[in-house]
$ cat final_29.cif   # mmCIF, C-alpha atoms
data_model
loop_
_atom_site.label_atom_id
_atom_site.label_comp_id
_atom_site.auth_asym_id
_atom_site.auth_seq_id
_atom_site.Cartn_x
_atom_site.Cartn_y
_atom_site.Cartn_z
CA MET Q 1 69.22 130.78 141.81
CA ILE Q 2 71.99 132.98 143.21
CA ASP Q 3 74.83 130.70 144.34
CA TYR Q 4 76.67 131.37 147.56
CA GLU Q 5 79.89 130.79 145.61
CA ASN Q 6 80.73 129.61 142.10
CA LEU Q 7 84.45 128.99 141.70
CA GLY Q 8 84.24 128.30 137.99
CA LEU Q 9 82.58 131.65 137.38
CA LEU Q 10 84.88 133.41 139.84
CA ASN Q 11 88.01 132.19 138.07
CA LYS Q 12 86.74 132.52 134.51
CA PRO Q 13 88.30 135.98 133.95
CA PHE Q 14 91.72 134.45 134.67
CA PHE Q 15 91.44 131.28 132.55
CA ASN Q 16 93.66 132.44 129.69
CA GLU Q 17 96.40 133.61 132.03
CA PHE Q 18 96.06 130.41 134.07
CA LYS Q 19 96.54 128.33 130.93
CA ALA Q 20 99.63 130.29 129.94
CA ALA Q 21 101.05 130.01 133.47
CA PHE Q 22 100.38 126.27 133.54
CA ASN Q 23 102.00 125.69 130.15
CA ASP Q 24 105.03 127.72 131.19
CA THR Q 25 105.38 125.65 134.36
CA LEU Q 26 104.82 122.39 132.52
CA GLU Q 27 107.44 123.16 129.90
CA SER Q 28 109.97 124.36 132.50
CA GLY Q 29 110.46 120.80 133.77
CA TRP Q 30 110.81 122.07 137.36
CA TYR Q 31 107.80 121.29 139.55
CA ILE Q 32 108.90 121.58 143.21
CA LEU Q 33 110.32 124.73 144.86
CA GLY Q 34 111.27 126.36 141.58
CA ASN Q 35 111.05 129.83 140.08
CA LYS Q 36 107.24 130.08 140.27
CA VAL Q 37 107.33 129.65 144.05
CA LYS Q 38 110.22 132.10 144.37
CA GLU Q 39 108.39 134.67 142.25
CA PHE Q 40 105.23 134.48 144.31
CA GLU Q 41 107.12 134.49 147.62
CA THR Q 42 109.07 137.58 146.58
CA ASP Q 43 106.00 139.49 145.40
CA TYR Q 44 103.87 138.59 148.40
CA ALA Q 45 106.62 139.53 150.86
CA GLN Q 46 107.21 142.86 149.13
CA TYR Q 47 103.49 143.63 149.11
CA HIS Q 48 103.42 143.23 152.89
CA GLY Q 49 106.71 145.00 153.46
CA VAL Q 50 108.31 142.00 155.17
CA LYS Q 51 111.57 140.16 154.51
CA HIS Q 52 110.30 136.63 154.02
CA CYS Q 53 107.37 134.73 152.55
CA LEU Q 54 107.58 130.94 152.73
CA GLY Q 55 105.19 128.99 150.50
CA LEU Q 56 103.58 125.94 152.09
CA ALA Q 57 101.12 123.23 151.12
CA ASN Q 58 98.09 124.71 152.91
CA GLY Q 59 96.90 127.09 155.59
CA LEU Q 60 96.81 124.51 158.39
CA ASP Q 61 100.46 123.68 157.78
CA ALA Q 62 101.21 127.41 157.89
CA LEU Q 63 99.87 127.48 161.44
CA ILE Q 64 101.50 124.21 162.50
CA LEU Q 65 104.95 125.13 161.19
CA SER Q 66 104.67 128.59 162.75
CA LEU Q 67 104.29 126.91 166.12
CA ARG Q 68 106.93 124.26 165.37
CA ALA Q 69 109.49 126.98 164.66
CA PHE Q 70 109.63 127.63 168.41
CA ASN Q 71 110.82 125.11 170.97
CA PHE Q 72 107.65 125.06 173.00
CA ALA Q 73 107.32 122.24 175.52
CA PRO Q 74 104.42 119.78 175.44
CA GLY Q 75 101.51 121.26 177.35
CA ASP Q 76 102.57 124.88 176.88
CA GLU Q 77 99.58 127.14 176.35
CA VAL Q 78 98.46 129.10 173.31
CA ILE Q 79 95.65 131.64 173.58
CA VAL Q 80 93.14 131.41 170.72
CA PRO Q 81 89.63 132.79 170.05
CA SER Q 82 86.74 130.56 171.09
CA ASN Q 83 84.81 131.06 167.83
CA THR Q 84 87.52 130.34 165.28
CA TYR Q 85 87.42 127.73 162.55
CA ILE Q 86 88.63 124.39 163.87
CA ALA Q 87 91.91 124.51 161.88
CA THR Q 88 93.35 127.15 164.20
CA ILE Q 89 92.85 124.94 167.23
CA LEU Q 90 93.91 121.80 165.37
CA SER Q 91 97.31 123.38 164.74
CA ILE Q 92 97.80 123.87 168.47
CA ALA Q 93 96.69 120.35 169.31
CA GLN Q 94 98.85 118.82 166.55
CA CYS Q 95 101.89 120.41 168.18
CA GLY Q 96 101.11 118.93 171.59
CA LEU Q 97 100.20 122.32 173.00
CA LYS Q 98 97.18 123.39 175.02
CA PRO Q 99 94.61 125.72 173.43
CA VAL Q 100 93.26 128.28 175.87
CA LEU Q 101 90.05 129.76 174.50
CA VAL Q 102 89.24 133.44 174.89
CA GLU Q 103 85.85 134.83 173.93
CA PRO Q 104 85.44 137.26 171.03
CA ASP Q 105 83.98 140.75 170.96
CA ILE Q 106 80.31 140.27 170.12
CA HIS Q 107 80.47 143.20 167.67
CA THR Q 108 83.62 142.38 165.65
CA TYR Q 109 83.63 138.58 166.19
CA ASN Q 110 87.38 138.77 166.76
CA ILE Q 111 89.20 137.92 169.98
CA ASP Q 112 88.50 140.50 172.71
CA PRO Q 113 91.80 142.05 173.85
CA GLU Q 114 90.24 143.00 177.18
CA LYS Q 115 89.74 139.30 177.98
CA ILE Q 116 93.23 138.09 177.05
CA PRO Q 117 95.17 139.07 180.22
CA ALA Q 118 92.92 136.96 182.47
CA ALA Q 119 93.79 133.89 180.36
CA ILE Q 120 97.56 134.29 180.70
CA THR Q 121 99.31 131.84 183.04
CA PRO Q 122 102.96 130.95 183.70
CA ARG Q 123 102.69 128.37 180.88
CA THR Q 124 101.35 130.78 178.26
CA ARG Q 125 103.77 130.98 175.35
CA ALA Q 126 101.81 132.46 172.45
CA ILE Q 127 98.72 134.26 171.26
CA MET Q 128 97.21 133.03 168.01
CA VAL Q 129 94.78 135.66 166.74
CA VAL Q 130 92.34 135.09 163.88
CA HIS Q 131 91.26 137.92 161.57
CA LEU Q 132 87.83 136.44 161.05
CA TYR Q 133 85.61 137.12 158.00
CA GLY Q 134 88.16 139.57 156.58
CA LYS Q 135 88.30 142.04 159.50
CA SER Q 136 91.53 142.65 161.37
CA CYS Q 137 91.74 142.12 165.11
CA GLU Q 138 92.39 145.12 167.34
CA MET Q 139 96.11 144.73 166.92
CA ASP Q 140 97.52 147.67 168.89
CA LYS Q 141 96.10 146.32 172.14
CA ILE Q 142 97.08 142.75 171.31
CA VAL Q 143 100.66 143.70 170.43
CA ALA Q 144 100.91 145.61 173.75
CA ILE Q 145 99.82 142.48 175.63
CA LYS Q 146 102.28 140.33 173.67
CA GLU Q 147 105.16 142.65 174.51
CA LYS Q 148 104.22 143.07 178.18
CA HIS Q 149 104.16 139.31 178.74
CA ASN Q 150 106.95 138.41 176.28
CA LEU Q 151 104.71 136.15 174.18
CA VAL Q 152 104.92 134.95 170.60
CA LEU Q 153 102.22 136.37 168.33
CA ILE Q 154 100.97 134.33 165.38
CA GLU Q 155 98.29 135.75 163.07
CA ASP Q 156 95.84 133.44 161.32
CA CYS Q 157 95.26 135.43 158.13
CA ALA Q 158 93.35 132.74 156.24
CA GLN Q 159 90.45 135.15 155.69
CA SER Q 160 92.19 138.52 155.70
CA HIS Q 161 94.23 138.92 152.51
CA ALA Q 162 94.75 142.70 152.05
CA ALA Q 163 92.91 143.61 155.27
CA SER Q 164 94.54 146.16 157.54
CA PHE Q 165 94.30 147.82 160.96
CA LYS Q 166 95.19 151.51 161.16
CA GLY Q 167 96.94 151.21 157.80
CA GLN Q 168 99.06 148.14 158.62
CA LEU Q 169 98.36 144.90 156.76
CA THR Q 170 97.38 141.79 158.67
CA GLY Q 171 100.16 139.23 158.84
CA THR Q 172 102.80 141.85 159.70
CA PHE Q 173 102.20 142.43 163.43
CA GLY Q 174 103.56 139.22 164.93
CA GLU Q 175 106.39 136.75 164.51
CA PHE Q 176 104.37 134.97 161.81
CA GLY Q 177 101.43 135.72 159.57
CA ALA Q 178 99.89 132.45 158.38
CA PHE Q 179 97.86 132.46 155.16
CA SER Q 180 95.61 130.00 153.39
CA PHE Q 181 95.04 130.23 149.63
CA TYR Q 182 92.18 127.75 149.59
CA PRO Q 183 90.12 128.33 146.42
CA THR Q 184 87.32 130.29 148.13
CA LYS Q 185 89.69 132.85 149.68
CA ASN Q 186 89.93 136.38 148.32
CA LEU Q 187 93.32 135.30 147.00
CA GLY Q 188 92.60 131.69 146.18
CA ALA Q 189 94.57 129.03 144.33
CA LEU Q 190 92.99 126.20 142.32
CA GLY Q 191 93.73 123.74 145.11
CA ASP Q 192 95.29 123.79 148.57
CA ALA Q 193 98.09 126.28 149.17
CA GLY Q 194 99.45 128.37 152.02
CA ALA Q 195 102.30 130.58 153.20
CA VAL Q 196 103.79 132.29 156.21
CA LEU Q 197 105.23 135.79 156.43
CA CYS Q 198 107.99 136.80 158.82
CA ASN Q 199 110.78 139.33 159.29
CA ASP Q 200 113.19 137.20 161.34
CA ASP Q 201 115.93 135.46 159.34
CA GLU Q 202 116.33 132.58 161.79
CA LEU Q 203 112.60 131.91 161.90
CA ALA Q 204 112.46 131.97 158.10
CA THR Q 205 115.28 129.43 157.97
CA ALA Q 206 113.40 127.25 160.45
CA ILE Q 207 110.27 127.27 158.26
CA ARG Q 208 112.25 126.49 155.10
CA ARG Q 209 113.84 123.56 156.89
CA LEU Q 210 110.60 122.28 158.39
CA ARG Q 211 108.66 122.43 155.11
CA ASN Q 212 111.27 120.31 153.32
CA TYR Q 213 111.77 117.21 155.50
CA GLY Q 214 113.81 119.15 158.06
CA SER Q 215 116.58 119.60 155.52
CA ASP Q 216 118.78 122.55 154.53
CA VAL Q 217 120.91 120.45 152.20
CA LYS Q 218 119.37 117.62 150.16
CA TYR Q 219 119.57 114.25 151.93
CA TYR Q 220 120.90 115.84 155.16
CA ASN Q 221 118.19 116.32 157.78
CA GLU Q 222 118.68 118.66 160.71
CA VAL Q 223 115.30 118.26 162.41
CA VAL Q 224 112.15 116.15 162.16
CA GLY Q 225 110.37 117.97 159.38
CA TYR Q 226 107.39 117.82 157.06
CA ASN Q 227 106.62 117.66 153.39
CA SER Q 228 104.72 120.93 153.06
CA ARG Q 229 105.75 122.89 150.00
CA LEU Q 230 103.77 125.29 147.88
CA ASP Q 231 103.31 123.59 144.53
CA GLU Q 232 104.88 125.26 141.48
CA VAL Q 233 101.60 125.12 139.54
CA GLN Q 234 99.59 126.65 142.38
CA ALA Q 235 102.25 129.33 142.84
CA ALA Q 236 101.93 130.17 139.14
CA PHE Q 237 98.14 130.46 139.48
CA LEU Q 238 98.50 132.61 142.61
CA SER Q 239 100.86 134.99 140.83
CA VAL Q 240 98.21 135.49 138.16
CA LYS Q 241 95.46 136.27 140.66
CA PHE Q 242 97.70 138.32 142.93
CA LYS Q 243 97.87 140.97 140.19
CA TYR Q 244 94.11 141.37 140.60
CA LEU Q 245 93.88 141.26 144.40
CA ALA Q 246 93.12 144.98 144.68
CA GLN Q 247 90.41 144.63 142.04
CA ILE Q 248 88.91 141.61 143.81
CA THR Q 249 88.99 143.44 147.13
CA GLU Q 250 87.38 146.57 145.69
CA HIS Q 251 84.60 144.50 144.12
CA LYS Q 252 83.81 142.67 147.35
CA ARG Q 253 83.80 145.91 149.32
CA LYS Q 254 81.37 147.38 146.77
CA LEU Q 255 79.05 144.39 147.22
CA ALA Q 256 79.34 144.68 151.00
CA ASP Q 257 78.36 148.35 150.80
CA ILE Q 258 75.14 147.39 149.01
CA TYR Q 259 74.33 145.18 151.98
CA HIS Q 260 75.35 147.88 154.46
CA GLN Q 261 73.09 150.44 152.84
CA GLY Q 262 70.20 148.19 151.80
CA LEU Q 263 69.58 145.65 154.56
CA LYS Q 264 66.90 146.64 157.03
CA SER Q 265 67.71 146.99 160.72
CA ASP Q 266 66.26 143.57 161.61
CA PHE Q 267 69.64 142.10 160.69
CA ILE Q 268 72.84 142.63 162.67
CA LYS Q 269 75.37 143.75 160.06
CA PRO Q 270 79.20 143.84 160.26
CA VAL Q 271 80.61 146.79 162.17
CA VAL Q 272 82.29 149.43 160.00
CA HIS Q 273 84.98 151.64 161.54
CA PRO Q 274 87.72 153.78 159.94
CA ASP Q 275 90.49 151.95 161.83
CA TYR Q 276 89.64 148.76 159.92
CA PHE Q 277 90.00 148.11 156.20
CA ASP Q 278 87.71 145.11 155.79
CA VAL Q 279 87.95 142.79 152.79
CA TYR Q 280 84.78 140.72 153.34
CA HIS Q 281 86.05 137.25 152.65
CA ILE Q 282 82.69 136.52 154.27
CA TYR Q 283 79.79 138.95 154.61
CA ASN Q 284 77.96 137.68 157.66
CA ILE Q 285 74.84 138.92 159.38
CA ARG Q 286 73.19 137.70 162.55
CA HIS Q 287 69.53 137.02 163.25
CA GLU Q 288 67.64 135.30 166.06
CA ARG Q 289 65.76 133.13 163.56
CA ARG Q 290 68.81 132.28 161.51
CA ASP Q 291 67.71 128.82 160.40
CA GLU Q 292 64.30 130.07 159.29
CA LEU Q 293 65.97 132.94 157.45
CA LYS Q 294 68.37 130.58 155.69
CA GLN Q 295 65.49 128.40 154.50
CA PHE Q 296 63.45 131.43 153.43
CA LEU Q 297 66.34 132.66 151.28
CA LEU Q 298 66.84 129.23 149.72
CA ASP Q 299 63.13 128.97 148.96
CA ASN Q 300 63.41 132.32 147.21
CA GLY Q 301 66.45 131.53 145.10
CA VAL Q 302 69.38 132.61 147.32
CA LYS Q 303 71.97 130.16 148.63
CA THR Q 304 73.79 131.01 151.86
CA ASP Q 305 76.26 129.35 154.23
CA ILE Q 306 77.02 129.30 157.95
CA HIS Q 307 80.49 130.08 159.28
CA TYR Q 308 80.25 128.15 161.52
CA PRO Q 309 77.31 126.06 162.77
CA LEU Q 310 79.10 124.50 165.76
CA PRO Q 311 81.66 126.22 168.02
CA PRO Q 312 85.00 124.47 168.61
CA HIS Q 313 84.32 123.50 172.23
CA GLN Q 314 81.26 121.54 171.12
CA GLN Q 315 83.08 119.57 168.43
CA LYS Q 316 83.46 115.86 169.16
CA ALA Q 317 87.11 115.95 168.11
CA MET Q 318 87.91 118.56 170.77
CA LYS Q 319 86.81 116.44 173.73
CA GLY Q 320 89.73 116.28 176.13
CA ILE Q 321 91.59 119.00 174.25
CA ILE Q 322 89.55 122.10 175.05
CA GLU Q 323 88.83 122.87 178.69
CA GLY Q 324 85.51 124.45 179.56
CA THR Q 325 82.06 123.62 178.31
CA SER Q 326 80.49 127.07 178.13
CA TYR Q 327 81.58 129.93 175.92
CA PRO Q 328 78.35 131.95 175.70
CA ILE Q 329 79.50 134.69 173.32
CA SER Q 330 80.88 132.17 170.88
CA GLU Q 331 77.73 130.10 171.19
CA GLU Q 332 75.57 133.14 170.46
CA ILE Q 333 77.57 133.94 167.32
CA HIS Q 334 77.47 130.37 166.04
CA ARG Q 335 73.73 130.16 166.74
CA THR Q 336 72.78 133.33 164.88
CA THR Q 337 75.37 133.93 162.13
CA LEU Q 338 74.57 133.62 158.43
CA SER Q 339 76.91 134.22 155.48
CA LEU Q 340 75.39 135.98 152.47
CA PRO Q 341 76.65 135.77 148.86
CA CYS Q 342 79.59 138.18 148.44
CA SER Q 343 81.98 136.82 145.83
CA TYR Q 344 84.01 138.14 142.94
CA CYS Q 345 81.63 136.09 140.79
CA HIS Q 346 78.59 138.11 141.91
CA THR Q 347 77.31 141.24 140.20
CA THR Q 348 75.85 144.27 141.94
CA ALA Q 349 72.48 143.20 140.49
CA ASP Q 350 72.86 139.82 142.25
CA ILE Q 351 73.40 141.49 145.61
CA GLU Q 352 70.60 143.99 145.09
CA LYS Q 353 68.34 140.99 144.46
CA VAL Q 354 69.51 139.33 147.67
CA VAL Q 355 68.73 142.53 149.58
CA GLU Q 356 65.28 142.69 147.99
CA VAL Q 357 64.53 139.10 148.99
CA ILE Q 358 65.96 139.18 152.49
CA ASN Q 359 64.15 142.40 153.41
CA LYS Q 360 60.86 140.56 152.86
CA PHE Q 361 61.61 138.14 155.68
#
$ encode --input "final_29.cif" --output "C-alpha cells"
Amino acid sequence: MIDYENLGLLNKPFFNEFKAAFNDTLESGWYILGNKVKEFETDYAQYHGVKHCLGLANGLDALILSLRAFNFAPGDEVIVPSNTYIATILSIAQCGLKPVLVEPDIHTYNIDPEKIPAAITPRTRAIMVVHLYGKSCEMDKIVAIKEKHNLVLIEDCAQSHAASFKGQLTGTFGEFGAFSFYPTKNLGALGDAGAVLCNDDELATAIRRLRNYGSDVKYYNEVVGYNSRLDEVQAAFLSVKFKYLAQITEHKRKLADIYHQGLKSDFIKPVVHPDYFDVYHIYNIRHERRDELKQFLLDNGVKTDIHYPLPPHQQKAMKGIIEGTSYPISEEIHRTTLSLPCSYCHTTADIEKVVEVINKF
C-alpha cells in the first residue's frame, strides 16, 4: 500500500537533529518566546527578504491576528476565494467581519483577479488571497487592484512555503503573509505552529502585542489580546527542517514532474507556467468520476485524499455567514478534485507505481 502521507517516514531523516534540538531546548530552561523562536523568526524573515517574522501558535491564528492588527469595524468586508479551506473564512468570521466569496480560476484553482473588482463595495477593507496547493496567485493583478482601491492585502500561505510568482516569494506581496507549519506542510512542525511576515514596524508591534495577551510589558496590557505564541520546541524543530526546505521542495517538484509526464490525458493535471514556481504541497488532479477513481486507486494499493470534498458555502457552520448559495466553479472543483501521493516520504518508484495504476482506470 502506498500511503497518501506518512509523517513518521517523512520526518525520519531529521530524527537525530530533532533530538539534539529538543535536548538543547529542554536544558536551556526557557520554553516560551526564547532564543529558538528568535532564531527561526530571524532566519525565516531573511529568507523572504522582509523585516519581520512573528511566530504564532498556528496558521488560523496567523490569519486572525493579521486581521486584528487593523481597526476594521464589525461587518466590514473581506474578499476571499470561494474554494478555500474553511480556516481562511473562519478567520474573517472570528473577527466579526463579512466574507465576500469570489470564484477561482478553473485552471489554477486560485482566486480569479478578473472577478475581484465586481465584488468590491464601499465596505470592502481587505483581500485575503490563498495560494492553494502550493501555486501562487496571480499577484501582479491582485496587487494592482489592492492599490487602486486602497485595500489591505493578506496572503494565506499555509500551502505555499517557497512558492513564488515571477521570482517573488509568496507572503511578501501584501501587508501580511500568514503561514501554517502544520505537520503535513512542506515546512511542517511536529505539532501546530504558525507565523506572519510583514515589513511594517507598527504592524509587527501590533502582532507581537496581540500574540502575548495584548501586552508589550509583562503584566501591562494595552489591548485585548490572545495567547498565541510559537512554542520554543516547535521553533527548534522548524529550524532543523528549514535547512532542508530547498531539498524538500526539489523532491516534491521531481515527483510532480513524474505525474506531469506520465499521467494520461484523461486526467486534468495542474497547470505549469514559467511565471509560477510551484511547490506542490498538494498534487491534485480532476476527473468527472472522481469517487470511482479514488476507490479504484484504494483497491489497487494507493491511498489518496480530497482537498476538499465540500465547498465553504455548503458547510453547515457557514449558514448565515456566507451569502449566496451557488458558486458553480468552486462546486465543480470540489466535486472533481483528487489529491495524489506527493510527499517527501515518497520515492520516485512510488510515484511511478501510482502512475502505472491510475493509467489503468
$ resolve_selection --input "final_29.cif" --expression "the PyMOL selection byres ((chain Q and resi 272) around 12)" --output "list in words"
His107, Thr108, Gly134, Lys135, Ser136, Arg253, Ala256, Asp257, His260, Gln261, Ile268, Lys269, Pro270, Val271, His273, Pro274, Asp275, Tyr276, Phe277, Asp278, Val279 and Tyr280 of chain Q
$ resolve_selection --input "final_29.cif" --expression "the PyMOL selection byres ((chain Q and resi 207-220) around 8)" --output "list in words"
Leu54, Leu56, Leu65, Ser66, Ala69, Leu203, Ala204, Thr205, Ala206, Asn221, Glu222, Val223, Val224, Gly225, Tyr226, Asn227, Ser228 and Arg229 of chain Q
$ resolve_selection --input "final_29.cif" --expression "the PyMOL selection byres ((chain Q and resi 79) around 7)" --output "list in words"
Glu77, Val78, Val80, Pro99, Val100, Leu101, Val102, Ala126, Ile127 and Met128 of chain Q
$ closest_residue --input "final_29.cif" --among "Q:Ile306, Q:Met139, Q:Leu153, Q:Ile351" --to "Lys166 of chain Q" --atoms "only C-alpha atoms"
Q:Met139
$ atom_distance --input "final_29.cif" --atom1 "atom CA of Val233 of chain Q" --atom2 "atom CA of Lys12 of chain Q"
17.3 Å
$ closest_residue --input "final_29.cif" --among "Q:Leu60, Q:Ile154, Q:Leu33, Q:Leu340" --to "Tyr182 of chain Q" --atoms "only C-alpha atoms"
Q:Leu60
$ residues_around --input "final_29.cif" --residues "Glu41 of chain Q" --least-positions-apart "2" --cutoff "8 Å" --atoms "only C-alpha atoms" --output "list in words"
Val37, Lys38, Glu39, Asp43, Tyr44, Ala45, His52, Cys53, Leu54 and Gly55 of chain Q
$ build_atoms --input "final_29.cif" --residues "segment 17-27 of chain Q" --atoms "all heavy atoms" --output "compact mmCIF listing (two decimals), in the frame of the given file"
# COMPACT_ATOMS: atom_id res chain seq x y z
N GLU Q 17 95.11 133.43 131.35
CA GLU Q 17 96.40 133.61 132.03
C GLU Q 17 96.78 132.35 132.82
O GLU Q 17 97.97 132.02 132.91
CB GLU Q 17 96.34 134.83 132.96
CG GLU Q 17 96.29 136.15 132.21
CD GLU Q 17 96.31 137.35 133.14
OE1 GLU Q 17 97.38 137.65 133.69
OE2 GLU Q 17 95.25 137.96 133.32
N PHE Q 18 95.79 131.68 133.39
CA PHE Q 18 96.06 130.41 134.07
C PHE Q 18 96.66 129.40 133.09
O PHE Q 18 97.63 128.69 133.41
CB PHE Q 18 94.78 129.82 134.67
CG PHE Q 18 94.32 130.47 135.94
CD1 PHE Q 18 92.99 130.34 136.34
CD2 PHE Q 18 95.18 131.19 136.75
CE1 PHE Q 18 92.54 130.91 137.51
CE2 PHE Q 18 94.74 131.78 137.92
CZ PHE Q 18 93.41 131.64 138.31
N LYS Q 19 96.06 129.30 131.92
CA LYS Q 19 96.54 128.33 130.93
C LYS Q 19 97.98 128.63 130.51
O LYS Q 19 98.80 127.73 130.39
CB LYS Q 19 95.61 128.33 129.72
CG LYS Q 19 94.23 127.74 130.02
CD LYS Q 19 93.27 127.93 128.84
CE LYS Q 19 91.87 127.43 129.20
NZ LYS Q 19 90.89 127.69 128.11
N ALA Q 20 98.27 129.91 130.31
CA ALA Q 20 99.63 130.29 129.94
C ALA Q 20 100.61 129.98 131.07
O ALA Q 20 101.72 129.49 130.83
CB ALA Q 20 99.68 131.78 129.58
N ALA Q 21 100.18 130.27 132.32
CA ALA Q 21 101.05 130.01 133.47
C ALA Q 21 101.28 128.51 133.65
O ALA Q 21 102.40 128.07 133.96
CB ALA Q 21 100.41 130.59 134.74
N PHE Q 22 100.23 127.72 133.43
CA PHE Q 22 100.38 126.27 133.54
C PHE Q 22 101.33 125.74 132.47
O PHE Q 22 102.22 124.93 132.77
CB PHE Q 22 99.02 125.58 133.41
CG PHE Q 22 99.12 124.08 133.37
CD1 PHE Q 22 99.30 123.35 134.55
CD2 PHE Q 22 99.09 123.39 132.17
CE1 PHE Q 22 99.43 121.98 134.52
CE2 PHE Q 22 99.21 122.01 132.14
CZ PHE Q 22 99.39 121.30 133.32
N ASN Q 23 101.14 126.17 131.24
CA ASN Q 23 102.00 125.69 130.15
C ASN Q 23 103.45 126.07 130.39
O ASN Q 23 104.37 125.27 130.14
CB ASN Q 23 101.52 126.25 128.82
CG ASN Q 23 100.23 125.60 128.34
OD1 ASN Q 23 99.92 124.48 128.73
ND2 ASN Q 23 99.48 126.31 127.51
N ASP Q 24 103.67 127.27 130.91
CA ASP Q 24 105.03 127.72 131.19
C ASP Q 24 105.67 126.84 132.26
O ASP Q 24 106.83 126.44 132.16
CB ASP Q 24 105.00 129.18 131.64
CG ASP Q 24 106.40 129.77 131.77
OD1 ASP Q 24 107.23 129.58 130.87
OD2 ASP Q 24 106.67 130.41 132.81
N THR Q 25 104.88 126.52 133.29
CA THR Q 25 105.38 125.65 134.36
C THR Q 25 105.63 124.24 133.85
O THR Q 25 106.67 123.63 134.14
CB THR Q 25 104.38 125.61 135.53
OG1 THR Q 25 104.07 126.95 135.93
CG2 THR Q 25 104.95 124.85 136.71
N LEU Q 26 104.69 123.74 133.07
CA LEU Q 26 104.82 122.39 132.52
C LEU Q 26 106.08 122.26 131.68
O LEU Q 26 106.86 121.31 131.82
CB LEU Q 26 103.59 122.07 131.67
CG LEU Q 26 103.58 120.72 130.95
CD1 LEU Q 26 103.55 119.57 131.96
CD2 LEU Q 26 102.37 120.63 130.01
N GLU Q 27 106.31 123.22 130.82
CA GLU Q 27 107.44 123.16 129.90
C GLU Q 27 108.78 123.44 130.59
O GLU Q 27 109.83 123.08 130.06
CB GLU Q 27 107.22 124.14 128.76
CG GLU Q 27 106.05 123.75 127.85
CD GLU Q 27 105.64 124.85 126.88
OE1 GLU Q 27 106.33 125.90 126.85
OE2 GLU Q 27 104.64 124.67 126.17
